[in-house]
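Beneath this line is the structure, given in structure tokens, with notes to follow.
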Amino acid sequence: MRSDAAASVQDFYERYPYPPPVEDLDRYQSLWKDGRLRRQEHHLSWPARPFRDDHSILVAGCGTSQAAKHAMRWPAARVTGIDFSATSVRCTEELKHKYHLENLEVRQLPIERAAELGMRFDLVVCTGVLHHLADPLAGLRALRRVLEPVGALHLMVYAPYGRAGIYMMQEFCRRVGIEATDEGIRDLVTILGSLPQGHPLRALRDAPDFHRAAAIADALLNPHDRAYSVGQLFELLEAGGFTFSRWMRQAPYSPHCGLAAKVAAATDIGQLALSEQFAAVELLRGTMVRHSLIARRDDSPNHNEGINFDGEAWLGYVPIRVSDTLCVQERLPAGAAAVLLNRAHECTDLILPLDQREKRWFDAIDGCSAIGEIIAAGDDRAAARTFFERLWWYDQVVFDASGERAASDYLAAPISTRCSLSQ
Ligand SMILES: C[S@@+](CC[C@H](N)C(=O)[O-])C[C@H]1O[C@@H](n2cnc3c(N)ncnc32)[C@H](O)[C@@H]1O
């Protein structure tokens, strides 16, 4: 039997679909003509598996355009989008017809009933959905039932500390009776304009996306949402039968990156279990609003998907530069030959200075050479290992650890076009 919470969330998204419907995906389509992006994304999920682009993909809670985008970026894949909002399904159907997306199927279906599709998927994408469910664990278990044993789950859920102002304003709306109506949204826009300096919502209010009525409604008038701290998220994954694989962007969680590496307790944090390290850094940063991660079934046979710098295997890893990376060579700190940053990072402290030798190694990354081929015979191996591990933690590279040579059209020499992989 459906809960009242599910019915009110469905009603909300039928009236206020989010993200707002889009008619034009031309730019998105042309960005993803670059096959190197697909190779990069494949190895983010499956470092140790040879490249494939013909996966079966479920976009669970697909909203207005996410399933259509996946069908565009993976033309050889079979993509299924499900959402319980009729508006989301209609918007997705319109994009399917406009862009002749023959590889896309859309169904109006709650994610809790995903098994009714009668299919298993290599990749399940579920972003911005589970936290709206009355029973997120039931939703997660339903997704596990349709995931192939070697498959990957891309999950995004809200994080609590950066959203403190949002939860205050949600409660304000409940107390004074501001509801999810056009009039309620207009009132709220006026109220947000007069928030005092220092209000926890001010920083979010000033974010570009937050100026749109649809974003304000989704964040502040949503009938049901909850957020997960890192600790709560790891508990949810375990209860749902999943193991954590990696963060989509891992530098903000690492005690070895940016400001976390410089605090007095950095060494103590580094001695905790990995999930405890992430939980500590989340508290240290204090501003995270969401967690995006890749998880696998806890019975997945591909245990060795993880990147590991113990032993010698790392010498065979092929580094692939990620599309959001930027190599700055002007106004450098003393002693630096370049500074690397990732434009998708929201924290500004995650910059990585390179010395001359590291710059030479970085410049030699061409998407086909393994680390062992990049470093010269006389190079210090320990220094090289530290450097390539750091590049990986800083989200500058993903690794092809499959041991297979890439086809030439998928070689990841620097990608000039900016394209975020997280959508
Ligand atoms: C914030 S939107 C995110 C859309 C999309 N995943 C994205 O990232 O662009 C949440 C979507 O999840 C859908 N949704 C929420 N609960 C659901 C459920 N139990 N089953 C299916 N869809 C659901 C809503 O209708 C809405 O379209």
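Residue numbering restarts at 1 in every chain; chains get A, B, ... in the order shown in the structure tokens, and ligands count up from 1 in that same order.
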
For this session: Show which residues sit within 12 Å of Glu93 in chain A, as a ChimeraX atom specification. Count only C-alpha atoms, and ignore same-chain residues fewer than 3 positions away.
Result: /A:21-23,62-68,71,80-83,86-90,96-102,104-108

Restricting it to N, CA and C atoms, dump the selection as an mmCIF file, in the first residue's frame.
```
data_model
loop_
_atom_site.group_PDB
_atom_site.id
_atom_site.type_symbol
_atom_site.label_atom_id
_atom_site.label_comp_id
_atom_site.auth_asym_id
_atom_site.auth_seq_id
_atom_site.Cartn_x
_atom_site.Cartn_y
_atom_site.Cartn_z
ATOM 1 N N PRO A 21 11.737 21.309 -16.980
ATOM 2 C CA PRO A 21 11.805 20.677 -18.307
ATOM 3 C C PRO A 21 12.692 21.473 -19.269
ATOM 4 N N VAL A 22 13.436 20.739 -20.099
ATOM 5 C CA VAL A 22 14.255 21.393 -21.135
ATOM 6 C C VAL A 22 13.813 20.855 -22.495
ATOM 7 N N GLU A 23 13.867 21.703 -23.505
ATOM 8 C CA GLU A 23 13.502 21.245 -24.855
ATOM 9 C C GLU A 23 14.727 21.030 -25.718
ATOM 10 N N CYS A 62 13.871 9.375 -12.948
ATOM 11 C CA CYS A 62 14.667 10.027 -14.004
ATOM 12 C C CYS A 62 14.362 11.504 -14.161
ATOM 13 N N GLY A 63 13.275 11.990 -13.539
ATOM 14 C CA GLY A 63 12.954 13.404 -13.711
ATOM 15 C C GLY A 63 12.659 13.724 -15.163
ATOM 16 N N THR A 64 12.918 14.968 -15.550
ATOM 17 C CA THR A 64 12.470 15.453 -16.852
ATOM 18 C C THR A 64 13.429 15.148 -18.000
ATOM 19 N N SER A 65 14.738 15.000 -17.703
ATOM 20 C CA SER A 65 15.688 14.899 -18.821
ATOM 21 C C SER A 65 16.855 13.926 -18.598
ATOM 22 N N GLN A 66 17.022 13.404 -17.386
ATOM 23 C CA GLN A 66 18.228 12.621 -17.087
ATOM 24 C C GLN A 66 18.321 11.338 -17.926
ATOM 25 N N ALA A 67 17.186 10.658 -18.131
ATOM 26 C CA ALA A 67 17.234 9.410 -18.912
ATOM 27 C C ALA A 67 17.546 9.723 -20.375
ATOM 28 N N ALA A 68 16.978 10.820 -20.888
ATOM 29 C CA ALA A 68 17.265 11.205 -22.283
ATOM 30 C C ALA A 68 18.746 11.545 -22.431
ATOM 31 N N ALA A 71 20.697 8.369 -22.611
ATOM 32 C CA ALA A 71 20.532 7.712 -23.913
ATOM 33 C C ALA A 71 21.375 8.410 -24.975
ATOM 34 N N THR A 80 16.771 2.671 -19.744
ATOM 35 C CA THR A 80 15.377 2.666 -19.276
ATOM 36 C C THR A 80 15.238 3.746 -18.220
ATOM 37 N N GLY A 81 14.251 4.598 -18.378
ATOM 38 C CA GLY A 81 13.985 5.624 -17.361
ATOM 39 C C GLY A 81 12.666 5.314 -16.683
ATOM 40 N N ILE A 82 12.647 5.368 -15.352
ATOM 41 C CA ILE A 82 11.362 5.227 -14.645
ATOM 42 C C ILE A 82 11.199 6.401 -13.691
ATOM 43 N N ASP A 83 9.954 6.817 -13.533
ATOM 44 C CA ASP A 83 9.648 7.898 -12.596
ATOM 45 C C ASP A 83 8.160 7.771 -12.290
ATOM 46 N N ALA A 86 3.932 11.605 -13.778
ATOM 47 C CA ALA A 86 3.496 11.586 -15.176
ATOM 48 C C ALA A 86 4.147 12.729 -15.950
ATOM 49 N N THR A 87 4.379 13.856 -15.287
ATOM 50 C CA THR A 87 4.998 15.008 -15.967
ATOM 51 C C THR A 87 6.421 14.657 -16.389
ATOM 52 N N SER A 88 7.180 14.007 -15.479
ATOM 53 C CA SER A 88 8.564 13.627 -15.816
ATOM 54 C C SER A 88 8.575 12.670 -17.007
ATOM 55 N N VAL A 89 7.657 11.710 -16.994
ATOM 56 C CA VAL A 89 7.609 10.713 -18.075
ATOM 57 C C VAL A 89 7.266 11.412 -19.393
ATOM 58 N N ARG A 90 6.302 12.343 -19.351
ATOM 59 C CA ARG A 90 5.911 13.044 -20.584
ATOM 60 C C ARG A 90 7.087 13.866 -21.123
ATOM 61 N N LYS A 96 12.727 12.084 -26.143
ATOM 62 C CA LYS A 96 12.991 10.844 -26.897
ATOM 63 C C LYS A 96 12.574 11.022 -28.368
ATOM 64 N N HIS A 97 11.386 11.579 -28.575
ATOM 65 C CA HIS A 97 10.906 11.728 -29.947
ATOM 66 C C HIS A 97 11.680 12.815 -30.686
ATOM 67 N N LYS A 98 11.949 13.911 -29.998
ATOM 68 C CA LYS A 98 12.652 15.013 -30.663
ATOM 69 C C LYS A 98 14.039 14.572 -31.145
ATOM 70 N N TYR A 99 14.729 13.777 -30.320
ATOM 71 C CA TYR A 99 16.114 13.401 -30.650
ATOM 72 C C TYR A 99 16.233 11.963 -31.160
ATOM 73 N N HIS A 100 15.085 11.342 -31.484
ATOM 74 C CA HIS A 100 15.092 9.983 -32.065
ATOM 75 C C HIS A 100 15.933 9.022 -31.226
ATOM 76 N N LEU A 101 15.641 9.001 -29.944
ATOM 77 C CA LEU A 101 16.431 8.169 -29.030
ATOM 78 C C LEU A 101 15.829 6.757 -28.991
ATOM 79 N N GLU A 102 16.186 5.965 -30.003
ATOM 80 C CA GLU A 102 15.620 4.617 -30.131
ATOM 81 C C GLU A 102 16.092 3.706 -29.003
ATOM 82 N N LEU A 104 16.057 4.363 -25.879
ATOM 83 C CA LEU A 104 15.476 4.791 -24.599
ATOM 84 C C LEU A 104 14.043 4.281 -24.445
ATOM 85 N N GLU A 105 13.769 3.698 -23.284
ATOM 86 C CA GLU A 105 12.399 3.334 -22.914
ATOM 87 C C GLU A 105 12.053 4.098 -21.643
ATOM 88 N N VAL A 106 10.828 4.576 -21.545
ATOM 89 C CA VAL A 106 10.402 5.314 -20.351
ATOM 90 C C VAL A 106 9.131 4.681 -19.810
ATOM 91 N N ARG A 107 9.077 4.519 -18.501
ATOM 92 C CA ARG A 107 7.878 3.953 -17.872
ATOM 93 C C ARG A 107 7.500 4.767 -16.651
ATOM 94 N N GLN A 108 6.196 4.934 -16.436
ATOM 95 C CA GLN A 108 5.741 5.550 -15.185
ATOM 96 C C GLN A 108 5.648 4.446 -14.142
#
```

At a cut-off of 9 Å, can you tabulate as a Markdown table every residue of chain A near ligand 1 together with its closest atom pair and the distance in Å to one decimal, using only C-alpha atoms and all ligand atoms and ordering rows by chain then number?
```
| residue | atom | partner | partner_atom_place_in_ligand_line | distance |
| --- | --- | --- | --- | --- |
| A:Ala6 | CA | ligand 1 | 19 (N) | 6.5 |
| A:Val9 | CA | ligand 1 | 15 (C) | 6.4 |
| A:Gln10 | CA | ligand 1 | 25 (O) | 5.6 |
| A:Asp11 | CA | ligand 1 | 25 (O) | 8.3 |
| A:Phe12 | CA | ligand 1 | 25 (O) | 7.9 |
| A:Tyr13 | CA | ligand 1 | 25 (O) | 4.8 |
| A:Glu14 | CA | ligand 1 | 25 (O) | 6.9 |
| A:Pro17 | CA | ligand 1 | 27 (O) | 6.1 |
| A:Tyr18 | CA | ligand 1 | 2 (S) | 5.0 |
| A:Pro19 | CA | ligand 1 | 9 (O) | 5.6 |
| A:Val59 | CA | ligand 1 | 6 (N) | 7.2 |
| A:Ala60 | CA | ligand 1 | 21 (C) | 6.5 |
| A:Gly61 | CA | ligand 1 | 22 (N) | 3.8 |
| A:Cys62 | CA | ligand 1 | 6 (N) | 4.3 |
| A:Gly63 | CA | ligand 1 | 27 (O) | 3.4 |
| A:Thr64 | CA | ligand 1 | 27 (O) | 6.5 |
| A:Ser65 | CA | ligand 1 | 9 (O) | 6.5 |
| A:Gln66 | CA | ligand 1 | 9 (O) | 5.0 |
| A:Ala67 | CA | ligand 1 | 5 (C) | 8.1 |
| A:Ile82 | CA | ligand 1 | 21 (C) | 6.3 |
| A:Asp83 | CA | ligand 1 | 22 (N) | 3.7 |
| A:Phe84 | CA | ligand 1 | 21 (C) | 4.2 |
| A:Ser85 | CA | ligand 1 | 25 (O) | 4.4 |
| A:Ala86 | CA | ligand 1 | 25 (O) | 8.0 |
| A:Thr87 | CA | ligand 1 | 27 (O) | 8.1 |
| A:Ser88 | CA | ligand 1 | 27 (O) | 5.6 |
| A:Val89 | CA | ligand 1 | 27 (O) | 8.4 |
| A:Gln108 | CA | ligand 1 | 21 (C) | 7.7 |
| A:Leu109 | CA | ligand 1 | 21 (C) | 5.9 |
| A:Pro110 | CA | ligand 1 | 20 (N) | 3.3 |
| A:Ile111 | CA | ligand 1 | 20 (N) | 4.1 |
| A:Glu112 | CA | ligand 1 | 19 (N) | 6.1 |
| A:Arg113 | CA | ligand 1 | 20 (N) | 8.1 |
| A:Ala114 | CA | ligand 1 | 20 (N) | 8.7 |
| A:Val125 | CA | ligand 1 | 6 (N) | 7.7 |
| A:Cys126 | CA | ligand 1 | 6 (N) | 5.8 |
| A:Thr127 | CA | ligand 1 | 6 (N) | 4.5 |
| A:Gly128 | CA | ligand 1 | 3 (C) | 4.6 |
| A:Val129 | CA | ligand 1 | 12 (O) | 4.5 |
| A:Leu130 | CA | ligand 1 | 16 (N) | 6.8 |
| A:His131 | CA | ligand 1 | 16 (N) | 8.2 |
| A:His132 | CA | ligand 1 | 16 (N) | 5.6 |
| A:Leu133 | CA | ligand 1 | 19 (N) | 5.6 |
| A:Ala134 | CA | ligand 1 | 19 (N) | 8.2 |
| A:Asp135 | CA | ligand 1 | 19 (N) | 8.9 |
| A:Pro136 | CA | ligand 1 | 19 (N) | 8.6 |
| A:Gly139 | CA | ligand 1 | 19 (N) | 7.1 |
| A:Met156 | CA | ligand 1 | 8 (O) | 8.1 |
| A:Asp218 | CA | ligand 1 | 1 (C) | 6.9 |
| A:Ala219 | CA | ligand 1 | 1 (C) | 8.8 |
| A:Ser422 | CA | ligand 1 | 8 (O) | 8.9 |
| A:Gln423 | CA | ligand 1 | 8 (O) | 6.6 |
```

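Within range 147-192 of chain A, DSSP run on the backbone puts these residues in strand (DSSP E): Leu147, Glu148, Pro149, Val150, Gly151, Ala152, Leu153, His154, Leu155, Met156, Val157 and Tyr158 of chain A.
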
For this session: Show which residues sit within 7 Å of range 177-183 of chain A, as a PyMOL selection string. Count only C-alpha atoms, and ignore same-chain residues fewer than 3 positions away.
Result: chain A and resi 173-174+186-187+217+221

Using N, CA and C atoms, can you export the residues from the last selection as a CSV table (one decimal), in the first residue's frame?
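Once everything was written out, this is result-v4.csv:
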```
chain,number,residue,atom,x,y,z
A,173,CYS,N,8.3,27.3,6.7
A,173,CYS,CA,7.2,27.3,5.8
A,173,CYS,C,6.1,26.4,6.4
A,174,ARG,N,6.4,25.3,7.1
A,174,ARG,CA,5.4,24.5,7.7
A,174,ARG,C,4.7,25.3,8.8
A,186,ARG,N,5.9,32.4,-4.7
A,186,ARG,CA,6.1,33.9,-4.8
A,186,ARG,C,6.4,34.5,-3.4
A,187,ASP,N,5.6,34.1,-2.4
A,187,ASP,CA,5.9,34.6,-1.1
A,187,ASP,C,7.3,34.2,-0.6
A,217,ALA,N,11.3,25.8,-5.0
A,217,ALA,CA,10.2,24.9,-4.6
A,217,ALA,C,10.8,23.5,-4.3
A,221,LEU,N,10.0,23.5,-0.5
A,221,LEU,CA,8.5,23.2,-0.3
A,221,LEU,C,8.3,21.7,-0.7
```

Problem set entry | Using only C-alpha atoms: which of A:Asp395, A:Asp324, A:Asp34, A:Glu41 has the shortest distance to Trp247 in chain A |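 Nearest candidate to Trp247 in chain A out of A:Asp395, A:Asp324, A:Asp34, A:Glu41: A:Asp395.
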
Exercise. Could you name the residues that touch range 233-239 of chain A at 10 Å or less, counting only C-alpha atoms, but leaving out those on the same chain fewer than 3 positions away, as a list in words?
Worked result: Pro136, Leu137, Ala138, Leu140, Arg141, Val157, Tyr158, Ala159, Ala227, Tyr228, Ser229, Val230, Phe242, Thr243, Phe244, Ser275, Glu276, Ala279, His291, Ala295, Arg296, Arg297 and Asp298 of chain A

Problem set entry | All residues 9 Å or closer to His55 in chain A, only C-alpha atoms, same chain fewer than 2 positions away omitted, as a ChimeraX atom specification | /A:52-53,57,74,76-79,121-123

Requested write-out: C-alpha atoms of the selected residues, as a short mmCIF file (atom, residue, chain, number, x, y, z; two decimals), in the first residue's frame:
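Result file follows (again-v5.cif):
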```cif
data_model
loop_
_atom_site.label_atom_id
_atom_site.label_comp_id
_atom_site.auth_asym_id
_atom_site.auth_seq_id
_atom_site.Cartn_x
_atom_site.Cartn_y
_atom_site.Cartn_z
CA ARG A 52 32.39 -1.07 -23.15
CA ASP A 53 29.70 1.33 -24.25
CA ILE A 57 21.27 1.41 -17.81
CA TRP A 74 25.61 6.23 -24.46
CA ALA A 76 25.08 2.00 -27.98
CA ALA A 77 23.52 1.37 -24.55
CA ARG A 78 19.94 0.39 -23.73
CA VAL A 79 18.55 2.98 -21.35
CA PHE A 121 20.99 -3.57 -15.43
CA ASP A 122 24.77 -3.03 -15.60
CA LEU A 123 24.37 0.49 -14.27
#
```

Exercise. If you run DSSP on this backbone, which residues of range 141-208 of chain A come out as alpha helix (DSSP H), and could you give them as a ChimeraX atom specification?
Worked result: /A:141-145,164-176,182-193,202-205

The selected residues should be written to file as an mmCIF file, in the first residue's frame (atoms: N, CA and C atoms).
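Output saved as result-v2.cif:
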```cif
data_model
loop_
_atom_site.group_PDB
_atom_site.id
_atom_site.type_symbol
_atom_site.label_atom_id
_atom_site.label_comp_id
_atom_site.auth_asym_id
_atom_site.auth_seq_id
_atom_site.Cartn_x
_atom_site.Cartn_y
_atom_site.Cartn_z
ATOM 1 N N ARG A 141 16.863 -1.339 -1.714
ATOM 2 C CA ARG A 141 16.827 -2.801 -1.902
ATOM 3 C C ARG A 141 16.170 -3.154 -3.236
ATOM 4 N N ALA A 142 15.179 -2.364 -3.623
ATOM 5 C CA ALA A 142 14.519 -2.620 -4.916
ATOM 6 C C ALA A 142 15.508 -2.399 -6.060
ATOM 7 N N LEU A 143 16.383 -1.415 -5.912
ATOM 8 C CA LEU A 143 17.379 -1.160 -6.963
ATOM 9 C C LEU A 143 18.406 -2.286 -7.004
ATOM 10 N N ARG A 144 18.753 -2.790 -5.835
ATOM 11 C CA ARG A 144 19.725 -3.893 -5.795
ATOM 12 C C ARG A 144 19.188 -5.114 -6.549
ATOM 13 N N ARG A 145 17.880 -5.357 -6.412
ATOM 14 C CA ARG A 145 17.292 -6.543 -7.066
ATOM 15 C C ARG A 145 17.407 -6.482 -8.585
ATOM 16 N N ALA A 164 21.618 22.875 6.390
ATOM 17 C CA ALA A 164 20.961 23.267 7.643
ATOM 18 C C ALA A 164 19.963 24.405 7.407
ATOM 19 N N GLY A 165 20.372 25.391 6.606
ATOM 20 C CA GLY A 165 19.488 26.536 6.336
ATOM 21 C C GLY A 165 18.231 26.111 5.598
ATOM 22 N N ILE A 166 18.375 25.120 4.715
ATOM 23 C CA ILE A 166 17.200 24.623 3.972
ATOM 24 C C ILE A 166 16.203 23.993 4.943
ATOM 25 N N TYR A 167 16.713 23.190 5.872
ATOM 26 C CA TYR A 167 15.772 22.538 6.804
ATOM 27 C C TYR A 167 15.132 23.548 7.756
ATOM 28 N N MET A 168 15.863 24.608 8.104
ATOM 29 C CA MET A 168 15.247 25.670 8.911
ATOM 30 C C MET A 168 14.105 26.330 8.131
ATOM 31 N N MET A 169 14.369 26.626 6.858
ATOM 32 C CA MET A 169 13.349 27.324 6.072
ATOM 33 C C MET A 169 12.170 26.407 5.759
ATOM 34 N N GLN A 170 12.431 25.098 5.576
ATOM 35 C CA GLN A 170 11.304 24.158 5.401
ATOM 36 C C GLN A 170 10.407 24.207 6.635
ATOM 37 N N GLU A 171 11.044 24.223 7.808
ATOM 38 C CA GLU A 171 10.228 24.242 9.029
ATOM 39 C C GLU A 171 9.482 25.570 9.170
ATOM 40 N N PHE A 172 10.139 26.656 8.782
ATOM 41 C CA PHE A 172 9.483 27.966 8.797
ATOM 42 C C PHE A 172 8.211 27.910 7.929
ATOM 43 N N CYS A 173 8.350 27.339 6.738
ATOM 44 C CA CYS A 173 7.199 27.264 5.816
ATOM 45 C C CYS A 173 6.072 26.437 6.434
ATOM 46 N N ARG A 174 6.431 25.324 7.057
ATOM 47 C CA ARG A 174 5.402 24.486 7.686
ATOM 48 C C ARG A 174 4.689 25.258 8.790
ATOM 49 N N ARG A 175 5.481 25.981 9.620
ATOM 50 C CA ARG A 175 4.889 26.693 10.761
ATOM 51 C C ARG A 175 3.940 27.797 10.314
ATOM 52 N N VAL A 176 4.316 28.516 9.246
ATOM 53 C CA VAL A 176 3.476 29.661 8.863
ATOM 54 C C VAL A 176 2.504 29.302 7.740
ATOM 55 N N ASP A 182 1.772 28.229 -6.547
ATOM 56 C CA ASP A 182 2.450 29.369 -7.198
ATOM 57 C C ASP A 182 2.528 30.549 -6.234
ATOM 58 N N GLU A 183 1.442 30.743 -5.485
ATOM 59 C CA GLU A 183 1.425 31.867 -4.536
ATOM 60 C C GLU A 183 2.468 31.644 -3.422
ATOM 61 N N GLY A 184 2.528 30.395 -2.919
ATOM 62 C CA GLY A 184 3.502 30.075 -1.873
ATOM 63 C C GLY A 184 4.930 30.327 -2.354
ATOM 64 N N ILE A 185 5.201 29.946 -3.608
ATOM 65 C CA ILE A 185 6.565 30.142 -4.140
ATOM 66 C C ILE A 185 6.868 31.637 -4.260
ATOM 67 N N ARG A 186 5.862 32.421 -4.712
ATOM 68 C CA ARG A 186 6.088 33.885 -4.819
ATOM 69 C C ARG A 186 6.395 34.480 -3.445
ATOM 70 N N ASP A 187 5.632 34.062 -2.429
ATOM 71 C CA ASP A 187 5.878 34.568 -1.064
ATOM 72 C C ASP A 187 7.292 34.220 -0.615
ATOM 73 N N LEU A 188 7.659 32.997 -0.922
ATOM 74 C CA LEU A 188 8.963 32.510 -0.463
ATOM 75 C C LEU A 188 10.105 33.276 -1.126
ATOM 76 N N VAL A 189 9.960 33.564 -2.411
ATOM 77 C CA VAL A 189 11.003 34.317 -3.118
ATOM 78 C C VAL A 189 11.195 35.667 -2.424
ATOM 79 N N THR A 190 10.085 36.316 -2.032
ATOM 80 C CA THR A 190 10.187 37.616 -1.346
ATOM 81 C C THR A 190 10.877 37.450 0.007
ATOM 82 N N ILE A 191 10.474 36.417 0.728
ATOM 83 C CA ILE A 191 11.067 36.197 2.061
ATOM 84 C C ILE A 191 12.575 35.944 1.940
ATOM 85 N N LEU A 192 12.964 35.134 0.946
ATOM 86 C CA LEU A 192 14.391 34.824 0.783
ATOM 87 C C LEU A 192 15.195 36.092 0.510
ATOM 88 N N GLY A 193 14.571 37.028 -0.193
ATOM 89 C CA GLY A 193 15.255 38.284 -0.514
ATOM 90 C C GLY A 193 15.558 39.105 0.726
ATOM 91 N N ARG A 202 21.719 31.889 3.461
ATOM 92 C CA ARG A 202 22.188 32.954 2.566
ATOM 93 C C ARG A 202 23.151 32.430 1.504
ATOM 94 N N ALA A 203 24.122 31.594 1.915
ATOM 95 C CA ALA A 203 25.133 31.132 0.957
ATOM 96 C C ALA A 203 24.476 30.338 -0.166
ATOM 97 N N LEU A 204 23.479 29.504 0.180
ATOM 98 C CA LEU A 204 22.797 28.711 -0.848
ATOM 99 C C LEU A 204 21.886 29.592 -1.680
ATOM 100 N N ARG A 205 21.229 30.541 -1.017
ATOM 101 C CA ARG A 205 20.304 31.424 -1.731
ATOM 102 C C ARG A 205 21.025 32.147 -2.859
#
```

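With only C-alpha atoms as the atoms that count, the minimum distance from Ala260 in chain A to the choices A:Ser194, A:Asp349, A:Phe309, A:Pro301 is reached by A:Asp349.
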